[in-house]
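*Asks:* The structure follows.
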Number of protein chains: 4
Amino acid sequence: LTSEPQLFAGTYARGRVADVFTASSWLQAMLDAEAALARACAAEGFMPASAAEAIAAVCDARRFDVSAIALEAGAHATPVLPLVSLLRAQVTAEVAEYVHLGATSQDILDTAAMLLTRRGLDAILDDGDSVLRGCAELARKHRDTPMCGRTLLQQALPTSFGLRAAGWMVGVREALAAVRDVRARQLAVQMGGPVGARSPAIARRVAAELQLAEPALPWQAVRVRVGALAGALGVLCGVLAKLARDVTLLAQNEVGEVSEGGGGGGSSAMSHKHNPVAAVSVLACAKRVPGLVATLLAAMEQEHERAAGGWQAEWGTLAELVTLTGSATSWSAHLVEHLQVDATRMRENLKRLTDIGAQGDLAAASELIERALDTEDSP
Amino acid sequence: LTSEPQLFAGTYARGRVADVFTASSWLQAMLDAEAALARACAAEGFMPASAAEAIAAVCDARRFDVSAIALEAGAHATPVLPLVSLLRAQVTAEVAEYVHLGATSQDILDTAAMLLTRRGLDAILDDGDSVLRGCAELARKHRDTPMCGRTLLQQALPTSFGLRAAGWMVGVREALAAVRDVRARQLAVQMGGPVGARSPAIARRVAAELQLAEPALPWQAVRVRVGALAGALGVLCGVLAKLARDVTLLAQNEVGEVSEGGGGGGSSAMSHKHNPVAAVSVLACAKRVPGLVATLLAAMEQEHERAAGGWQAEWGTLAELVTLTGSATSWSAHLVEHLQVDATRMRENLKRLTDIGAQGDLAAASELIERALDTEDSP
Amino acid sequence: LTSEPQLFAGTYARGRVADVFTASSWLQAMLDAEAALARACAAEGFMPASAAEAIAAVCDARRFDVSAIALEAGAHATPVLPLVSLLRAQVTAEVAEYVHLGATSQDILDTAAMLLTRRGLDAILDDGDSVLRGCAELARKHRDTPMCGRTLLQQALPTSFGLRAAGWMVGVREALAAVRDVRARQLAVQMGGPVGARSPAIARRVAAELQLAEPALPWQAVRVRVGALAGALGVLCGVLAKLARDVTLLAQNEVGEVSEGGGGGGSSAMSHKHNPVAAVSVLACAKRVPGLVATLLAAMEQEHERAAGGWQAEWGTLAELVTLTGSATSWSAHLVEHLQVDATRMRENLKRLTDIGAQGDLAAASELIERALDTEDSP
Amino acid sequence: LTSEPQLFAGTYARGRVADVFTASSWLQAMLDAEAALARACAAEGFMPASAAEAIAAVCDARRFDVSAIALEAGAHATPVLPLVSLLRAQVTAEVAEYVHLGATSQDILDTAAMLLTRRGLDAILDDGDSVLRGCAELARKHRDTPMCGRTLLQQALPTSFGLRAAGWMVGVREALAAVRDVRARQLAVQMGGPVGARSPAIARRVAAELQLAEPALPWQAVRVRVGALAGALGVLCGVLAKLARDVTLLAQNEVGEVSEGGGGGGSSAMSHKHNPVAAVSVLACAKRVPGLVATLLAAMEQEHERAAGGWQAEWGTLAELVTLTGSATSWSAHLVEHLQVDATRMRENLKRLTDIGAQGDLAAASELIERALDTEDSP
């Protein structure tokens, strides 16, 4: 089994999301689910507390050979089956029979996916806050910096760069609010047993231990949570792409109104070039996302109590989606933090518009910026 | 210009959404935006009240030749330009100069799109409530109707049909809650003027008159609202597709556990067939949706103050998305309302599982159903 | 049933594709399939020649109420069932029994779809040839017009505008070759009867009469043809989007190297603006296409002898895809035909690069252009 | 930098594609491009032959630290820049100046991507041939095995299992023909230099050495080749999904007409279950593909001489697309090779249809199968 770094991780997996969905992260998250399950079963009287503790004690990824699990997972279309075998082998025969008690592969894998997704969203939300702060600072600083407003890529009327930055900020703020909502409400435990008909007591205890939401019902083939997550991340990437697209356009030599600071941007052939690497990286990530969202939405058409194909298509897609969104957010934070703004060039570029008497309402722009900066969390 | 019915409207545009996005609906919505704009301008002192009323008085789609507007719209990549010309021609020369005051095409078109989307969402939410009621009734009635639980399309363990229906219900309920939230918060007026720098007073008044949300800032090229709408509808269609897929599978002759009532379903060649037309129609609509969601998310990468392509790609996509979702919801309501359940066949199909001693926890299933029916609006 | 023009047809349905997929076009194409089927059955001895001619004689869309068919189609998830009823009513009782002989809905609808698609592809190929000619002319005329080469939206090294145009030309040429190949080989008759097991003699005769390809087997649930069509149109739209994106960028006021001629481009609020309407319209259409391609590819997962959902999702998607591609092609033809090139501005914009000594190999560029112009149809 | 196996590789990366797009494979392919470039430059007289050989001699991935390259790649949005630095450090200062002569990052990365894609396509074509053989064998063996034809998931008329298998075969054959065509014509060298204006002599020599196609022009921002590849793989996955979907449906306990042999398929909770693991794995891969195709098509909108985002989005997407398609093909080969067909159950399931007198034309089915088996490569 190949074990290699990702060559393009610097582009597609910047920041804390880089190691959220590694094989050993998945493994530990599945083990966390098994441990929580064991404790819940003990608390409900289905196994001795000592068995639960014996199980929990060995739920440490470092005790397992992740390559061996990966190698065998394909034959069963799930890594949980080989994991459970190895887990049983780590405890006494007596305890072994309590491992994975009443659970099904999907319980463990879905719960693990939610744990990893939460780590991913935490990174996204933190970096997203940095993007917000950066945009807010740009909006404040350039509240009165006049700039060409451009529609259909043609100079239209004067506006201010502060209003542009405030627009980014409001968009990112709204998108992050939706991600935050998903984090709070959609990341739920899965503990329904083979056909989703397990008494909710176990799910409730596992949810409490892992600090995941407790679902109204097992959601094995009702994937609203995955779809909602996909939608929220898709929207966030969409607004980050808008921001990054603007930067690439404003950074054109012929426009020259912004440039990327923060290092990087050299060219293998042309030393005079300064490439907008951060903006390009945001766009590279964000452009990959709508297709992934569509995949997850289309995969919601899941059969009966567990899908034949639709569920299994989620695993890799979800990991890519969260990782790419995290990378886009991290790159965006870097981008806005280091953005160089050339107010002089902005004024020069306005000359054509002012020469023909085109007027903008900069007082209104300023009022709008002020209001946007004051508003809290109101989409 | 072709003026024809849609041949496949019965499949793709069932119910109230059918005429939400017609040319004359768009026209009236754009006129509603112009009328509200005029009144807002008057209230703010930018035009005489009499001018506003003169404008509002002619903002009636029946006074306009929609074909003429459509014919000319292409040359400008917007129907607003020809509409404004015709609107000016309907009033005195003095009043004409107040028409469309300070506004831009996008103000009118975006606001109109939000008005039409609201009508679409209202239809979706109403039909969605019918789906919910139908699922709840099935869940109640079949709380103790045992059925094979099936995973990966293989018989797994006994469950109840009531739990399956409760699963549909919870999924639809969660998805509708998100649509309801979008309706309340994301459908905002657009009144930013050419570059989005217009004083918010006008937007506030127009929002109040049209009962749309007032945005923190004009959102001309920051399309979080469109993306959020797309995500919510994509998730709703995903869960409806799950429901409909289950029905097609349970309605197979070899399974025979449900069938569609409510008429329809004949075959042009085989009189002995009874086709699951409603379920097929839900799937036909729902399968078209993830691609549309991806289109709208990808189109969020919009340039500067108005996009060159991304915005214009939204118009038709949004209309398709809302219409298809509305049709899927309407067909789903019909489906669950008329669904015939064959509890005897369900019991017969269980025989293989019970023969081998596979046991399900129907008491737990019943407890779960009860809880799901009790829960209100909790995703 | 709503019967209205499409408000955005000028953007989304420019040129000959506009009326390819109207309800009456569909109706006539379905009738053409029924007529050809009748003649084939007669030739094979399954019905009297007189019956076939009686059927063919009434296969004229003007004899049918398309709204009535549309109204009833939804209840059966196919318009063929009501059409066949009405067709039978147009002939004597004796002849009526021969109508639709041995056929199934899908035979008629798929064959009709291929007939309409052919009309759409013919329009696309003709307009595509205009794009090619326009690009070739630009490449010839500007073989030695120096221009900034730009990478990552930064000025890189000198190149020529002729090479850029030659690049567009080669891309469009390759994409059109694939569309031409699809037109020749993938547009096949469907005449397999209810489960695709009809003797191929009928299909062969219908194919000959309608000049469609004869398939190796009925392709009712094996949708390679639809997928191949989708792929080819997706690629064509992709390359047209590249061309149009370049135009929007080169037409920026700050760059000013090209502008759109050919009228249009006014603004509802700013008389000084000249919008790149054709390029924007190409982009508006092209951006809607990848999602449609994904829908058709995902819908290929079709069950047994006819799909429950996947097939029915194709109808509207296919029509949109062909129409949007046709519109993008028509707008592109308009665009390149009227493109204004400002060679002086190109030289001025080069000054920064030449000042720093950046050198381009214009002789090589010229050689490449020459070669590209000479090459015929070689992807 | 994380270096780990892929936990889900058994599902998503079965067979030879598993290690096509690893970091060290990329690295070696980029080095192969650099070596071929050096030799081409020497042959054209731009560097001494000894320099070319000195460069080629060190173009061995084992001499490089791939993690170091990956670590630095993100800062430049390309791994080529750090690679070239390290490559220069491996040769004498005199030779170092000839490394990467006249080339740009994209030359190396695009050429490497084509080399890796070719390896991927070779695996896909080989496994695809196994699928073809397996389907042909099933078609031959079951030419006269009667089976229910099913439309809209309802029993329709008798057909034969052989005809079903022949349908799979023809679909796969057509799809593979398109992949083969892409392999022969679309996998072209990229050697255009910074702005695509390099004399074609270099590209011609590199193409000859690497046995890639020589393009009419550099295709840096004209991505027809990538789009065509995406379309062909999308169609192949679509038809494999059809095959796998059929298997999951026929393998339902209530239908019982086929089952998967070849081991695997156990359940972590239910020992009586036999899961259709191969079919599920095909579907898991295939469902991820349409979204990736859409991403690559949407990314074709590339700016000027090198895109800011669209190109960089391709890298990971292309790798996923080829790998998932390869896995789907490998799983499909396994599936058809080991498929167990229960002709008795097929006959039993037909009873309902024959009882009501529904008749199929098995002679026609047999004729069709014969013809499909005879036809060679004719889409």
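Ordered as shown in the structure tokens, chains take letters A, B, and onward, while each chain numbers its residues from 1 and ligands are numbered from 1 in the order shown.
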List every residue of chain C that has an atom at most 7 Å from any atom of chain B, and for each one report the closest atom pair and its distance in Å to one decimal, counting only C-alpha atoms, with rows sorted by chain and then by increasing residue number, as a Markdown table.

*Replies:*
| residue | atom | partner | partner_atom | distance |
| --- | --- | --- | --- | --- |
| C:Leu1 | CA | B:Pro5 | CA | 6.2 |
| C:Thr2 | CA | B:Pro5 | CA | 5.4 |
| C:Ser3 | CA | B:Pro5 | CA | 4.2 |
| C:Glu4 | CA | B:Ser3 | CA | 4.5 |
| C:Pro5 | CA | B:Ser3 | CA | 4.2 |
| C:Gln6 | CA | B:Ala23 | CA | 6.0 |
| C:Leu7 | CA | B:Ala70 | CA | 4.7 |
| C:Phe8 | CA | B:Ala70 | CA | 6.4 |
| C:Ala9 | CA | B:Ala70 | CA | 6.9 |
| C:Gly10 | CA | B:Gly74 | CA | 3.7 |
| C:Thr11 | CA | B:Gly74 | CA | 4.9 |
| C:Asp19 | CA | B:Thr2 | CA | 6.7 |
| C:Thr22 | CA | B:Glu4 | CA | 6.7 |
| C:Ala23 | CA | B:Leu7 | CA | 5.0 |
| C:Ser67 | CA | B:Pro5 | CA | 6.4 |
| C:Ala70 | CA | B:Leu7 | CA | 4.7 |
| C:Leu71 | CA | B:Gly10 | CA | 6.5 |
| C:Ala73 | CA | B:Gly10 | CA | 6.1 |
| C:Gly74 | CA | B:Gly10 | CA | 3.7 |
| C:Ala75 | CA | B:Gly264 | CA | 5.1 |
| C:His76 | CA | B:Gly265 | CA | 5.4 |
| C:Ala77 | CA | B:Val277 | CA | 6.0 |
| C:Leu81 | CA | B:Ser268 | CA | 5.3 |
| C:Ala103 | CA | B:Ala269 | CA | 6.9 |
| C:Thr104 | CA | B:Ala269 | CA | 5.6 |
| C:Ser105 | CA | B:Ser268 | CA | 6.1 |
| C:Pro194 | CA | B:Ala269 | CA | 6.7 |
| C:Gly264 | CA | B:Ala75 | CA | 5.1 |
| C:Gly265 | CA | B:His76 | CA | 5.4 |
| C:Gly266 | CA | B:His76 | CA | 6.3 |
| C:Ser268 | CA | B:Leu81 | CA | 5.3 |
| C:Ala269 | CA | B:Thr104 | CA | 5.6 |
| C:Val277 | CA | B:Ala77 | CA | 6.0 |
| C:Val280 | CA | B:Gly309 | CA | 4.8 |
| C:Ser281 | CA | B:Gly309 | CA | 6.6 |
| C:Leu283 | CA | B:Gly309 | CA | 4.7 |
| C:Ala284 | CA | B:Ala313 | CA | 4.2 |
| C:Cys285 | CA | B:Ala313 | CA | 6.3 |
| C:Lys287 | CA | B:Ala313 | CA | 6.3 |
| C:Arg288 | CA | B:Thr295 | CA | 5.9 |
| C:Gly291 | CA | B:Gly291 | CA | 3.9 |
| C:Leu292 | CA | B:Gly291 | CA | 5.8 |
| C:Ala294 | CA | B:Gly291 | CA | 6.1 |
| C:Thr295 | CA | B:Gly291 | CA | 5.6 |
| C:Ala308 | CA | B:Val280 | CA | 5.2 |
| C:Gly309 | CA | B:Ala284 | CA | 4.4 |
| C:Gly310 | CA | B:Ala284 | CA | 6.3 |
| C:Gln312 | CA | B:Ala284 | CA | 5.2 |
| C:Ala313 | CA | B:Ala284 | CA | 4.2 |

*Asks:* Would you kindly return, as a VMD selection string, each protein, DNA or RNA residue with an atom no farther than 10 Å from any atom of region 89-96 of chain C, considering only C-alpha atoms and excluding same-chain residues fewer than 2 positions away?

*Replies:* chain C and resid 47 to 48 50 to 55 57 to 59 63 to 64 83 to 87 98 to 101

*Asks:* For Ala165 (chain A), list every protein, DNA or RNA residue within 8 Å, evaluated using only C-alpha atoms, and leave out those in the same chain fewer than 5 positions away; present the list as a ChimeraX atom specification.

*Replies:* /A:135-136,138-139

*Asks:* Keeping C-alpha atoms, export the residues of the selection given above as an mmCIF file, in the first residue's frame.

*Replies:*
data_model
loop_
_atom_site.group_PDB
_atom_site.id
_atom_site.type_symbol
_atom_site.label_atom_id
_atom_site.label_comp_id
_atom_site.auth_asym_id
_atom_site.auth_seq_id
_atom_site.Cartn_x
_atom_site.Cartn_y
_atom_site.Cartn_z
ATOM 1 C CA CYS A 135 -11.446 42.231 5.592
ATOM 2 C CA ALA A 136 -12.745 44.410 8.407
ATOM 3 C CA LEU A 138 -9.204 46.718 5.029
ATOM 4 C CA ALA A 139 -12.732 48.106 5.112
#

*Asks:* Could you pull out the residues in region 197-308 of chain D that DSSP calls strand (DSSP E or B) from the backbone, as a list in words?

*Replies:* Ala213, Val258, Ser259, Glu260 and Arg306 of chain D

*Asks:* What separation in Å, quoted to one decimal, exists between CA of Ser330 (chain D) and CA of Arg119 (chain D)?

*Replies:*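 Between CA of Ser330 (chain D) and CA of Arg119 (chain D) the gap works out to 14.3 Å.
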